[in-house]
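File shown: coords-v4.pdb (PDB, C-alpha atoms).
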```
ATOM      1  CA  MET A   1      94.680  96.108  80.358
ATOM      2  CA  ASP A   2      94.027  93.170  82.681
ATOM      3  CA  ASP A   3      94.431  95.133  85.918
ATOM      4  CA  ALA A   4      92.509  98.232  84.804
ATOM      5  CA  PHE A   5      90.168  98.087  87.794
ATOM      6  CA  ARG A   6      93.021  97.977  90.294
ATOM      7  CA  VAL A   7      94.836 100.853  88.561
ATOM      8  CA  TYR A   8      91.722 103.015  88.282
ATOM      9  CA  SER A   9      90.355 102.387  91.781
ATOM     10  CA  ALA A  10      93.755 103.001  93.411
ATOM     11  CA  ALA A  11      94.217 106.210  91.422
ATOM     12  CA  VAL A  12      90.880 107.837  92.238
ATOM     13  CA  LYS A  13      90.626 106.505  95.799
ATOM     14  CA  GLY A  14      90.257 109.429  98.168
ATOM     15  CA  THR A  15      89.534 111.960  95.426
ATOM     16  CA  LEU A  16      86.201 112.805  97.062
ATOM     17  CA  GLY A  17      87.036 111.487 100.533
ATOM     18  CA  PRO A  18      87.649 108.031 102.047
ATOM     19  CA  GLY A  19      83.970 107.043 102.014
ATOM     20  CA  TRP A  20      83.448 107.252  98.242
ATOM     21  CA  TRP A  21      83.817 103.999  96.286
ATOM     22  CA  SER A  22      84.495 104.011  92.546
ATOM     23  CA  SER A  23      82.122 101.957  90.406
ATOM     24  CA  TRP A  24      83.431  99.168  88.198
ATOM     25  CA  PRO A  25      82.863  98.392  85.408
ATOM     26  CA  LEU A  26      82.553 102.089  84.615
ATOM     27  CA  SER A  27      79.151 101.485  83.028
ATOM     28  CA  THR A  28      77.790 100.041  86.308
ATOM     29  CA  ARG A  29      74.673 101.773  87.621
ATOM     30  CA  HIS A  30      74.293 101.884  91.400
ATOM     31  CA  SER A  31      71.215 103.186  93.219
ATOM     32  CA  VAL A  32      70.598 104.217  96.801
ATOM     33  CA  GLY A  33      69.273 101.103  98.527
ATOM     34  CA  ASP A  34      71.392  98.628  96.574
ATOM     35  CA  VAL A  35      72.778  95.697  98.540
ATOM     36  CA  CYS A  36      76.303  94.685  97.519
ATOM     37  CA  SER A  37      78.971  92.184  98.426
ATOM     38  CA  VAL A  38      82.630  93.197  98.375
ATOM     39  CA  THR A  39      85.002  91.072  96.313
ATOM     40  CA  GLY A  40      88.560  92.171  95.634
ATOM     41  CA  GLY A  41      87.713  95.738  96.601
ATOM     42  CA  GLN A  42      84.837  95.826  94.104
ATOM     43  CA  LEU A  43      81.139  96.275  94.872
ATOM     44  CA  LEU A  44      79.054  93.497  93.325
ATOM     45  CA  ASN A  45      75.285  93.800  93.314
ATOM     46  CA  ALA A  46      73.548  91.291  95.591
ATOM     47  CA  GLY A  47      70.016  92.690  95.615
ATOM     48  CA  SER A  48      68.237  95.649  97.145
ATOM     49  CA  LEU A  49      66.913  96.817 100.483
ATOM     50  CA  GLY A  50      63.481  97.163  98.888
ATOM     51  CA  ALA A  51      63.431  93.456  98.043
ATOM     52  CA  LEU A  52      64.183  92.780 101.721
ATOM     53  CA  GLY A  53      61.254  94.911 102.828
ATOM     54  CA  VAL A  54      63.278  98.012 103.739
ATOM     55  CA  HIS A  55      62.099 101.241 102.127
ATOM     56  CA  SER A  56      63.689 104.636 102.685
ATOM     57  CA  SER A  57      63.326 108.140 101.300
ATOM     58  CA  THR A  58      66.055 109.924  99.341
ATOM     59  CA  ARG A  59      67.025 113.489  98.537
ATOM     60  CA  GLY A  60      68.847 114.734  95.458
ATOM     61  CA  SER A  61      71.033 117.789  94.983
ATOM     62  CA  PRO A  62      73.555 119.145  92.452
ATOM     63  CA  TYR A  63      77.121 118.204  93.394
ATOM     64  CA  ARG A  64      79.376 120.062  90.958
ATOM     65  CA  ASP A  65      79.491 120.933  87.261
ATOM     66  CA  HIS A  66      82.378 118.602  86.521
ATOM     67  CA  LEU A  67      85.114 116.538  88.163
ATOM     68  CA  THR A  68      88.568 116.014  86.644
ATOM     69  CA  TYR A  69      91.329 113.668  87.774
ATOM     70  CA  ASP A  70      94.816 113.681  86.195
ATOM     71  CA  SER A  71      96.973 111.390  88.389
ATOM     72  CA  ASN A  72      98.616 114.245  90.295
ATOM     73  CA  GLY A  73      99.544 116.242  87.232
ATOM     74  CA  SER A  74     100.979 113.410  85.133
ATOM     75  CA  VAL A  75      98.460 114.144  82.357
ATOM     76  CA  ALA A  76      98.685 117.194  80.091
ATOM     77  CA  VAL A  77      95.649 118.315  78.076
ATOM     78  CA  THR A  78      95.946 120.652  75.082
ATOM     79  CA  PHE A  79      92.679 121.955  73.664
ATOM     80  CA  LYS A  80      92.051 122.523  69.961
ATOM     81  CA  ALA A  81      89.660 125.122  68.596
ATOM     82  CA  SER A  82      88.184 125.100  65.109
ATOM     83  CA  GLY A  83      90.599 126.558  62.552
ATOM     84  CA  ILE A  84      93.653 125.626  64.605
ATOM     85  CA  THR A  85      96.175 122.929  63.800
ATOM     86  CA  GLY A  86      99.587 121.868  65.053
ATOM     87  CA  PRO A  87     101.984 118.929  65.458
ATOM     88  CA  LEU A  88     100.009 117.414  68.349
ATOM     89  CA  PHE A  89      96.912 117.029  66.195
ATOM     90  CA  GLN A  90      97.605 114.420  63.561
ATOM     91  CA  ALA A  91      94.126 112.961  63.168
ATOM     92  CA  LEU A  92      91.831 115.949  63.700
ATOM     93  CA  SER A  93      91.116 118.166  60.740
ATOM     94  CA  GLU A  94      91.688 121.897  60.964
ATOM     95  CA  ALA A  95      87.943 122.513  61.299
ATOM     96  CA  GLU A  96      87.366 120.024  64.092
ATOM     97  CA  LEU A  97      87.250 120.705  67.835
ATOM     98  CA  GLY A  98      89.127 118.462  70.200
ATOM     99  CA  ALA A  99      91.965 117.908  72.618
ATOM    100  CA  HIS A 100      95.296 116.137  72.873
ATOM    101  CA  VAL A 101      95.884 114.125  76.059
ATOM    102  CA  ALA A 102      99.506 113.240  76.880
ATOM    103  CA  PHE A 103     100.677 111.015  79.752
ATOM    104  CA  SER A 104     104.089 111.279  81.410
ATOM    105  CA  ARG A 105     103.793 108.087  83.512
ATOM    106  CA  ASP A 106     102.495 104.639  82.715
ATOM    107  CA  ARG A 107      99.356 103.530  84.564
ATOM    108  CA  SER A 108      98.288 107.159  84.903
ATOM    109  CA  VAL A 109      94.573 107.899  84.804
ATOM    110  CA  PHE A 110      92.733 110.745  83.116
ATOM    111  CA  ALA A 111      89.083 110.986  84.101
ATOM    112  CA  VAL A 112      86.496 113.693  83.637
ATOM    113  CA  PHE A 113      82.789 113.565  84.535
ATOM    114  CA  ASN A 114      80.223 116.317  84.084
ATOM    115  CA  GLY A 115      76.751 117.072  85.397
ATOM    116  CA  LEU A 116      77.417 115.456  88.776
ATOM    117  CA  ARG A 117      74.415 115.028  91.059
ATOM    118  CA  GLU A 118      74.217 113.418  94.511
ATOM    119  CA  THR A 119      71.336 111.215  95.657
ATOM    120  CA  ALA A 120      71.422 110.357  99.350
ATOM    121  CA  MET A 121      69.383 108.337 101.799
ATOM    122  CA  THR A 122      67.532 110.829 104.002
ATOM    123  CA  GLU A 123      67.994 108.930 107.274
ATOM    124  CA  PRO A 124      70.804 106.365 106.868
ATOM    125  CA  ARG A 125      70.995 105.918 110.672
ATOM    126  CA  LEU A 126      67.616 104.176 110.533
ATOM    127  CA  LEU A 127      69.344 101.303 108.755
ATOM    128  CA  ALA A 128      70.742 100.194 112.115
ATOM    129  CA  ARG A 129      67.300  98.951 113.180
ATOM    130  CA  TYR A 130      66.470  97.392 109.815
ATOM    131  CA  LEU A 131      69.813  95.595 109.445
ATOM    132  CA  THR A 132      69.606  94.362 113.041
ATOM    133  CA  GLU A 133      66.267  92.720 112.291
ATOM    134  CA  LEU A 134      67.455  91.279 108.975
ATOM    135  CA  TYR A 135      70.655  89.871 110.483
ATOM    136  CA  PHE A 136      68.838  88.313 113.423
ATOM    137  CA  ARG A 137      66.409  86.649 110.986
ATOM    138  CA  LYS A 138      69.396  85.411 108.921
ATOM    139  CA  GLU A 139      68.322  87.504 105.937
ATOM    140  CA  TRP A 140      71.472  89.660 105.935
ATOM    141  CA  GLU A 141      75.010  88.392 105.331
ATOM    142  CA  PRO A 142      77.909  89.769 107.429
ATOM    143  CA  GLY A 143      79.809  90.721 104.267
ATOM    144  CA  TRP A 144      77.030  92.776 102.700
ATOM    145  CA  VAL A 145      76.938  96.553 102.464
ATOM    146  CA  ALA A 146      74.066  98.949 101.720
ATOM    147  CA  VAL A 147      74.449 101.893  99.332
ATOM    148  CA  THR A 148      73.444 105.149 101.052
ATOM    149  CA  HIS A 149      74.806 107.810  98.658
ATOM    150  CA  VAL A 150      75.303 107.834  94.884
ATOM    151  CA  LEU A 151      77.006 110.342  92.599
ATOM    152  CA  SER A 152      75.587 110.234  89.092
ATOM    153  CA  ALA A 153      77.142 111.901  86.056
ATOM    154  CA  GLU A 154      75.526 112.921  82.809
ATOM    155  CA  ALA A 155      78.606 111.742  80.907
ATOM    156  CA  GLY A 156      82.217 110.760  81.474
ATOM    157  CA  THR A 157      85.529 109.892  79.849
ATOM    158  CA  VAL A 158      88.286 107.722  81.325
ATOM    159  CA  LEU A 159      91.680 106.940  79.774
ATOM    160  CA  ILE A 160      94.411 104.812  81.378
ATOM    161  CA  ALA A 161      97.985 104.883  80.084
ATOM    162  CA  ALA A 162      99.741 101.602  79.357
ATOM    163  CA  ALA A 163     103.103 103.398  78.908
ATOM    164  CA  ALA A 164     104.732 106.705  79.783
ATOM    165  CA  THR A 165     104.513 107.683  76.108
ATOM    166  CA  ALA A 166     100.736 107.207  75.918
ATOM    167  CA  GLU A 167      98.709 109.858  74.142
ATOM    168  CA  ALA A 168      95.283 110.325  72.608
ATOM    169  CA  GLU A 169      93.449 112.753  70.360
ATOM    170  CA  LEU A 170      89.828 113.308  71.308
ATOM    171  CA  ARG A 171      87.323 114.638  68.800
ATOM    172  CA  VAL A 172      84.649 116.740  70.489
ATOM    173  CA  THR A 173      81.263 115.941  68.986
ATOM    174  CA  ALA A 174      79.182 118.089  71.329
ATOM    175  CA  ASP A 175      77.982 121.525  70.289
ATOM    176  CA  VAL A 176      80.112 123.921  72.347
ATOM    177  CA  GLY A 177      78.701 127.007  70.605
ATOM    178  CA  ALA A 178      79.951 129.032  67.658
ATOM    179  CA  GLY A 179      83.381 130.480  68.360
ATOM    180  CA  ALA A 180      83.473 128.988  71.869
ATOM    181  CA  ALA A 181      86.634 127.422  73.240
ATOM    182  CA  VAL A 182      86.716 123.767  74.235
ATOM    183  CA  LYS A 183      86.610 123.303  78.010
ATOM    184  CA  MET A 184      87.560 120.357  80.211
ATOM    185  CA  ALA A 185      83.904 119.525  80.846
ATOM    186  CA  ASP A 186      83.393 119.130  77.071
ATOM    187  CA  LEU A 187      85.679 116.077  77.174
ATOM    188  CA  ALA A 188      83.223 114.142  79.367
ATOM    189  CA  GLY A 189      81.317 112.015  76.900
ATOM    190  CA  ASN A 190      80.293 113.415  73.528
ATOM    191  CA  VAL A 191      83.828 112.725  72.291
ATOM    192  CA  GLY A 192      85.350 110.245  69.918
ATOM    193  CA  LEU A 193      88.822 108.744  69.964
ATOM    194  CA  ALA A 194      90.470 110.061  66.803
ATOM    195  CA  ARG A 195      93.921 108.624  67.518
ATOM    196  CA  SER A 196      95.652 106.853  70.380
ATOM    197  CA  HIS A 197      98.989 105.336  71.336
ATOM    198  CA  SER A 198      99.618 103.003  74.308
ATOM    199  CA  ILE A 199      96.212 103.620  75.850
ATOM    200  CA  GLY A 200      95.410 100.619  78.047
ATOM    201  CA  LEU A 201      91.757 101.466  78.615
ATOM    202  CA  GLU A 202      89.378 103.924  77.042
ATOM    203  CA  TRP A 203      85.834 104.569  78.245
ATOM    204  CA  LEU A 204      83.754 107.214  76.520
ATOM    205  CA  GLY A 205      80.425 107.186  78.318
ATOM    206  CA  ASP A 206      77.692 109.316  76.787
ATOM    207  CA  LYS A 207      74.939 107.900  78.992
ATOM    208  CA  ARG A 208      74.277 108.677  82.645
ATOM    209  CA  SER A 209      76.583 106.703  84.924
ATOM    210  CA  THR A 210      77.172 106.440  88.683
ATOM    211  CA  PRO A 211      80.948 106.735  89.073
ATOM    212  CA  PHE A 212      80.968 106.940  92.887
ATOM    213  CA  CYS A 213      78.905 105.753  95.859
ATOM    214  CA  ARG A 214      79.078 105.387  99.655
ATOM    215  CA  VAL A 215      78.070 102.339 101.688
ATOM    216  CA  VAL A 216      77.443 101.214 105.274
ATOM    217  CA  ALA A 217      77.715  97.814 106.945
ATOM    218  CA  LEU A 218      77.137  96.182 110.302
ATOM    219  CA  ARG A 219      80.125  96.689 112.576
ATOM    220  CA  LYS A 220      82.424  93.696 113.086
ATOM    221  CA  SER A 221      82.407  94.249 116.866
ATOM    222  CA  TRP A 222      78.588  94.285 116.921
ATOM    223  CA  LEU A 223      78.404  91.117 114.833
ATOM    224  CA  GLY A 224      80.794  89.365 117.199
ATOM    225  CA  ARG A 225      78.771  90.255 120.289
ATOM    226  CA  VAL A 226      75.457  89.223 118.715
ATOM    227  CA  ASP A 227      76.861  85.900 117.544
ATOM    228  CA  ALA A 228      78.364  85.246 120.979
ATOM    229  CA  ASP A 229      75.364  86.320 123.067
ATOM    230  CA  PHE A 230      72.428  85.166 120.951
ATOM    231  CA  ALA A 231      73.582  82.138 118.956
ATOM    232  CA  PRO A 232      71.719  80.617 117.327
ATOM    233  CA  ARG A 233      69.970  83.776 116.187
ATOM    234  CA  GLN A 234      66.906  81.805 115.049
ATOM    235  CA  GLN A 235      65.248  78.528 115.957
ATOM    236  CA  ALA A 236      65.750  75.510 113.765
ATOM    237  CA  LYS A 237      63.572  75.134 110.704
ATOM    238  CA  GLY A 238      59.968  74.395 111.592
ATOM    239  CA  PHE A 239      59.967  76.371 114.836
ATOM    240  CA  ALA A 240      58.364  79.789 115.235
ATOM    241  CA  PRO A 241      60.774  82.702 114.623
ATOM    242  CA  ALA A 242      62.491  83.926 117.771
ATOM    243  CA  ASP A 243      61.779  87.436 118.973
ATOM    244  CA  ILE A 244      64.584  89.912 118.441
ATOM    245  CA  PRO A 245      66.003  90.816 121.883
ATOM    246  CA  ALA A 246      64.764  94.188 123.094
ATOM    247  CA  ARG A 247      68.332  95.144 124.018
ATOM    248  CA  LEU A 248      69.386  94.944 120.361
ATOM    249  CA  ILE A 249      66.381  96.953 119.183
ATOM    250  CA  ASN A 250      67.050  99.631 121.799
ATOM    251  CA  GLN A 251      70.712  99.866 120.828
ATOM    252  CA  ALA A 252      69.895 100.164 117.110
ATOM    253  CA  GLN A 253      67.313 102.879 117.698
ATOM    254  CA  ASN A 254      69.196 104.975 120.253
ATOM    255  CA  ARG A 255      72.863 104.284 119.476
ATOM    256  CA  PRO A 256      72.949 103.388 115.770
ATOM    257  CA  ASP A 257      76.641 104.280 115.448
ATOM    258  CA  GLU A 258      77.413 101.273 117.644
ATOM    259  CA  VAL A 259      75.656  99.020 115.131
ATOM    260  CA  ILE A 260      76.510 100.315 111.659
ATOM    261  CA  ALA A 261      79.400 102.275 110.167
ATOM    262  CA  GLU A 262      80.433 103.671 106.812
ATOM    263  CA  VAL A 263      82.924 101.442 105.018
ATOM    264  CA  ALA A 264      86.004 103.118 103.530
ATOM    265  CA  ALA A 265      86.575 102.543  99.821
ATOM    266  CA  GLY A 266      88.240  99.212  99.097
ATOM    267  CA  ASP A 267      87.816  97.805 102.615
ATOM    268  CA  ALA A 268      85.962  94.599 103.356
ATOM    269  CA  PRO A 269      83.048  95.157 105.795
ATOM    270  CA  SER A 270      84.585  92.690 108.258
ATOM    271  CA  ASN A 271      87.662  94.916 108.541
ATOM    272  CA  GLY A 272      85.740  97.601 110.400
ATOM    273  CA  SER A 273      85.364  97.925 114.158
TER     274      SER A 273
END
```

Take the structure from the file and write it as structure tokens.
Amino acid sequence: MDDAFRVYSAAVKGTLGPGWWSSWPLSTRHSVGDVCSVTGGQLLNAGSLGALGVHSSTRGSPYRDHLTYDSNGSVAVTFKASGITGPLFQALSEAELGAHVAFSRDRSVFAVFNGLRETAMTEPRLLARYLTELYFRKEWEPGWVAVTHVLSAEAGTVLIAAAATAEAELRVTADVGAGAAVKMADLAGNVGLARSHSIGLEWLGDKRSTPFCRVVALRKSWLGRVDADFAPRQQAKGFAPADIPARLINQAQNRPDEVIAEVAAGDAPSNGS
């Protein structure tokens, strides 16, 4: 599926709130402190704050046991216990555990992640001062964003339908316990694709991934004022670096919301105020 990213990102956009970006490719690993550019609504790694001399502390906390997305109910999941069979299960043996996933609309998305944990920058407002200094020294590009929050998952599964008749049989390979029923969270990783029809994309991630993150950027209005009032920001090559105006430092320290802002998923940093 050539437009899988566009389909997936549009489908899950807003699932956790406007500030959460979906990672792509799905195997991408983001970390708090990453520096990214935004191309076609996608975050592309451009370095790290640490490499630019900016170091910040983080805190981690459990987020939720699992997260499921089914394109507003257009995906139906039927679970299969050991010893059960039926017309939906054509590839799974009677003894196997699994699930049948049926789509009623093309380009629908089924996604499930488990073991979600959030890692967040402890004081993201402090970035206003750091990014002010970096931008004035021409070490920060206007189109860059900094990752401040990351949601990691122990495992995940994503299927995208290429037709309204799409379906898949998933074989659960995880140990769910003797006599235990298969649950939605069991379909996140630790599964195999036993059979599929008209599935445009399948991602069965057994390793830890970072499916969502949040980012901040310098405000467009702030960039415009700095460029107008202090151009050029630095002396020509060979001259001593210019001091950063005290007015900018004071603003960044005392009114950081005037300098930086969270960027909504899919937006270019320059689209902000």

I'd like a table as CSV: residues in range 100-142 of chain A with an atom no more than 12 Å from range 48-63 of chain A, each row giving the shortest atom pair and its distance in Å to one decimal, all atoms listed in the file counted, sorted by chain and rising residue number.
```
residue,atom,partner,partner_atom,distance
A:Phe113,CA,A:Tyr63,CA,11.5
A:Asn114,CA,A:Tyr63,CA,10.0
A:Gly115,CA,A:Pro62,CA,8.0
A:Leu116,CA,A:Tyr63,CA,5.4
A:Arg117,CA,A:Pro62,CA,4.4
A:Glu118,CA,A:Ser61,CA,5.4
A:Thr119,CA,A:Gly60,CA,4.3
A:Ala120,CA,A:Thr58,CA,5.4
A:Met121,CA,A:Thr58,CA,4.4
A:Thr122,CA,A:Thr58,CA,5.0
A:Glu123,CA,A:Ser56,CA,7.6
A:Pro124,CA,A:Ser56,CA,8.4
A:Arg125,CA,A:Ser56,CA,10.9
A:Leu126,CA,A:Ser56,CA,8.8
A:Leu127,CA,A:Val54,CA,8.5
A:Ala128,CA,A:Val54,CA,11.4
A:Arg129,CA,A:Val54,CA,10.3
A:Tyr130,CA,A:Val54,CA,6.9
A:Leu131,CA,A:Val54,CA,9.0
A:Thr132,CA,A:Val54,CA,11.8
A:Glu133,CA,A:Val54,CA,10.5
A:Leu134,CA,A:Leu52,CA,8.1
A:Tyr135,CA,A:Leu52,CA,11.3
A:Arg137,CA,A:Leu52,CA,11.3
A:Lys138,CA,A:Leu52,CA,11.5
A:Glu139,CA,A:Leu52,CA,7.9
A:Trp140,CA,A:Leu52,CA,9.0
```

Can you write out the residues you just picked, keeping C-alpha atoms, as a tab-separated table (two decimals), in the coordinates of the input?
```tsv
chain	number	residue	atom	x	y	z
A	113	PHE	CA	82.79	113.56	84.54
A	114	ASN	CA	80.22	116.32	84.08
A	115	GLY	CA	76.75	117.07	85.40
A	116	LEU	CA	77.42	115.46	88.78
A	117	ARG	CA	74.42	115.03	91.06
A	118	GLU	CA	74.22	113.42	94.51
A	119	THR	CA	71.34	111.22	95.66
A	120	ALA	CA	71.42	110.36	99.35
A	121	MET	CA	69.38	108.34	101.80
A	122	THR	CA	67.53	110.83	104.00
A	123	GLU	CA	67.99	108.93	107.27
A	124	PRO	CA	70.80	106.36	106.87
A	125	ARG	CA	71.00	105.92	110.67
A	126	LEU	CA	67.62	104.18	110.53
A	127	LEU	CA	69.34	101.30	108.76
A	128	ALA	CA	70.74	100.19	112.12
A	129	ARG	CA	67.30	98.95	113.18
A	130	TYR	CA	66.47	97.39	109.82
A	131	LEU	CA	69.81	95.60	109.44
A	132	THR	CA	69.61	94.36	113.04
A	133	GLU	CA	66.27	92.72	112.29
A	134	LEU	CA	67.46	91.28	108.98
A	135	TYR	CA	70.66	89.87	110.48
A	137	ARG	CA	66.41	86.65	110.99
A	138	LYS	CA	69.40	85.41	108.92
A	139	GLU	CA	68.32	87.50	105.94
A	140	TRP	CA	71.47	89.66	105.94
```

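Counting only C-alpha atoms and comparing A:Arg208, A:His100, A:Arg6, A:Lys183, the residue that lies closest to Glu167 in chain A is A:His100.
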
**OP:** Apply the PyMOL selection byres ((chain A and resi 8) around 10) to the displayed file and report the matching residues as a PyMOL selection string.
**Re:** chain A and resi 3-7+9-13+22-24+26+71+107-111+158-160+201

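You will find CA of Ser221 in chain A at 13.3 Å from CA of Gly143 in chain A.
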
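Residue nearest Asn72 in chain A, chosen from A:Ala99, A:Gly40, A:Thr15, A:Ala166 and counting only C-alpha atoms: A:Thr15.
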
Subject >> the PyMOL selection byres ((chain A and resi 185-191) around 10) applied to the shown file, residues as number ranges by chain >> reply: A: 65-68, 79, 97-99, 111-115, 153-158, 169-176, 181-184, 192-194, 203-208

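Of the listed residues (A:Ala161, A:Ala265, A:Ala91, A:Val145), A:Val145 comes nearest to Arg219 in chain A; the distances count all atoms listed in the file.
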
Subject >> Residue neighbourhood Ala76 in chain A, 7 Å, all atoms listed in the file, exclusion window fewer than 6 positions, as a PyMOL selection string >> reply: chain A and resi 101-103

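Pairwise distance (CA of Ala246 in chain A, CA of Val35 in chain A) equals 25.9 Å.
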
Subject >> Result set, the PyMOL selection byres ((chain A and resi 149) around 9) on current file, as an NGL selection string >> reply: :A and (20 or 31-33 or 118-121 or 147-148 or 150-151 or 212-215)

Subject >> Distance of CA of Gly41 in chain A from CA of Ala268 in chain A, expressed in Å to one decimal place >> reply: 7.1 Å

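In this comparison, which uses only C-alpha atoms, the residue of A:Asp229, A:Asp34, A:Glu258, A:Asp106 approaching Thr165 in chain A most closely is A:Asp106.
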
Subject >> Top pick for closest residue to Thr78 in chain A, considering A:Leu16, A:Ala162, A:Ala146, A:Ala168 and counting only C-alpha atoms >> reply: A:Ala168

Expected file content for range 9-30 of chain A, N, CA and C atoms, as a PDB file, in the first residue's frame:
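Contents of decode_31.pdb, as written:
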```
ATOM      1  N   SER A   9      -1.796   7.569   9.619  1.00  0.00           N
ATOM      2  CA  SER A   9      -1.673   8.785  10.424  1.00  0.00           C
ATOM      3  C   SER A   9      -2.995   9.540  10.500  1.00  0.00           C
ATOM      4  N   ALA A  10      -3.754   9.573   9.388  1.00  0.00           N
ATOM      5  CA  ALA A  10      -5.050  10.245   9.395  1.00  0.00           C
ATOM      6  C   ALA A  10      -6.039   9.503  10.286  1.00  0.00           C
ATOM      7  N   ALA A  11      -5.947   8.179  10.292  1.00  0.00           N
ATOM      8  CA  ALA A  11      -6.893   7.375  11.080  1.00  0.00           C
ATOM      9  C   ALA A  11      -6.683   7.561  12.575  1.00  0.00           C
ATOM     10  N   VAL A  12      -5.438   7.512  13.020  1.00  0.00           N
ATOM     11  CA  VAL A  12      -5.180   7.548  14.469  1.00  0.00           C
ATOM     12  C   VAL A  12      -4.983   8.961  15.000  1.00  0.00           C
ATOM     13  N   LYS A  13      -4.972   9.956  14.108  1.00  0.00           N
ATOM     14  CA  LYS A  13      -4.784  11.337  14.544  1.00  0.00           C
ATOM     15  C   LYS A  13      -5.887  11.731  15.527  1.00  0.00           C
ATOM     16  N   GLY A  14      -5.497  12.250  16.658  1.00  0.00           N
ATOM     17  CA  GLY A  14      -6.459  12.672  17.660  1.00  0.00           C
ATOM     18  C   GLY A  14      -6.900  11.589  18.616  1.00  0.00           C
ATOM     19  N   THR A  15      -6.438  10.351  18.408  1.00  0.00           N
ATOM     20  CA  THR A  15      -6.840   9.262  19.294  1.00  0.00           C
ATOM     21  C   THR A  15      -6.470   9.556  20.740  1.00  0.00           C
ATOM     22  N   LEU A  16      -5.291  10.131  20.945  1.00  0.00           N
ATOM     23  CA  LEU A  16      -4.826  10.455  22.296  1.00  0.00           C
ATOM     24  C   LEU A  16      -4.864  11.952  22.569  1.00  0.00           C
ATOM     25  N   GLY A  17      -5.328  12.738  21.607  1.00  0.00           N
ATOM     26  CA  GLY A  17      -5.318  14.187  21.735  1.00  0.00           C
ATOM     27  C   GLY A  17      -4.543  14.796  20.582  1.00  0.00           C
ATOM     28  N   PRO A  18      -4.753  16.089  20.298  1.00  0.00           N
ATOM     29  CA  PRO A  18      -4.147  16.714  19.117  1.00  0.00           C
ATOM     30  C   PRO A  18      -2.627  16.799  19.158  1.00  0.00           C
ATOM     31  N   GLY A  19      -2.021  16.718  20.348  1.00  0.00           N
ATOM     32  CA  GLY A  19      -0.581  16.879  20.446  1.00  0.00           C
ATOM     33  C   GLY A  19       0.228  15.625  20.179  1.00  0.00           C
ATOM     34  N   TRP A  20      -0.431  14.469  20.049  1.00  0.00           N
ATOM     35  CA  TRP A  20       0.313  13.213  19.887  1.00  0.00           C
ATOM     36  C   TRP A  20       0.489  12.881  18.411  1.00  0.00           C
ATOM     37  N   TRP A  21       1.757  12.770  17.989  1.00  0.00           N
ATOM     38  CA  TRP A  21       2.105  12.372  16.628  1.00  0.00           C
ATOM     39  C   TRP A  21       2.274  10.863  16.566  1.00  0.00           C
ATOM     40  N   SER A  22       1.864  10.258  15.454  1.00  0.00           N
ATOM     41  CA  SER A  22       2.117   8.834  15.239  1.00  0.00           C
ATOM     42  C   SER A  22       3.466   8.654  14.558  1.00  0.00           C
ATOM     43  N   SER A  23       4.197   7.640  14.990  1.00  0.00           N
ATOM     44  CA  SER A  23       5.525   7.365  14.427  1.00  0.00           C
ATOM     45  C   SER A  23       5.398   6.585  13.124  1.00  0.00           C
ATOM     46  N   TRP A  24       6.287   6.897  12.202  1.00  0.00           N
ATOM     47  CA  TRP A  24       6.329   6.168  10.921  1.00  0.00           C
ATOM     48  C   TRP A  24       7.738   6.201  10.382  1.00  0.00           C
ATOM     49  N   PRO A  25       8.253   5.064   9.870  1.00  0.00           N
ATOM     50  CA  PRO A  25       7.652   3.740   9.891  1.00  0.00           C
ATOM     51  C   PRO A  25       7.316   3.282  11.309  1.00  0.00           C
ATOM     52  N   LEU A  26       6.463   2.280  11.415  1.00  0.00           N
ATOM     53  CA  LEU A  26       5.990   1.833  12.717  1.00  0.00           C
ATOM     54  C   LEU A  26       7.112   1.314  13.602  1.00  0.00           C
ATOM     55  N   SER A  27       8.206   0.901  13.003  1.00  0.00           N
ATOM     56  CA  SER A  27       9.355   0.410  13.766  1.00  0.00           C
ATOM     57  C   SER A  27      10.263   1.531  14.260  1.00  0.00           C
ATOM     58  N   THR A  28       9.944   2.790  13.899  1.00  0.00           N
ATOM     59  CA  THR A  28      10.764   3.933  14.312  1.00  0.00           C
ATOM     60  C   THR A  28      10.813   4.036  15.833  1.00  0.00           C
ATOM     61  N   ARG A  29      12.003   4.346  16.361  1.00  0.00           N
ATOM     62  CA  ARG A  29      12.162   4.552  17.790  1.00  0.00           C
ATOM     63  C   ARG A  29      12.497   6.011  18.048  1.00  0.00           C
ATOM     64  N   HIS A  30      11.572   6.725  18.699  1.00  0.00           N
ATOM     65  CA  HIS A  30      11.831   8.098  19.114  1.00  0.00           C
ATOM     66  C   HIS A  30      12.199   8.119  20.589  1.00  0.00           C
TER      67      HIS A  30
END
```
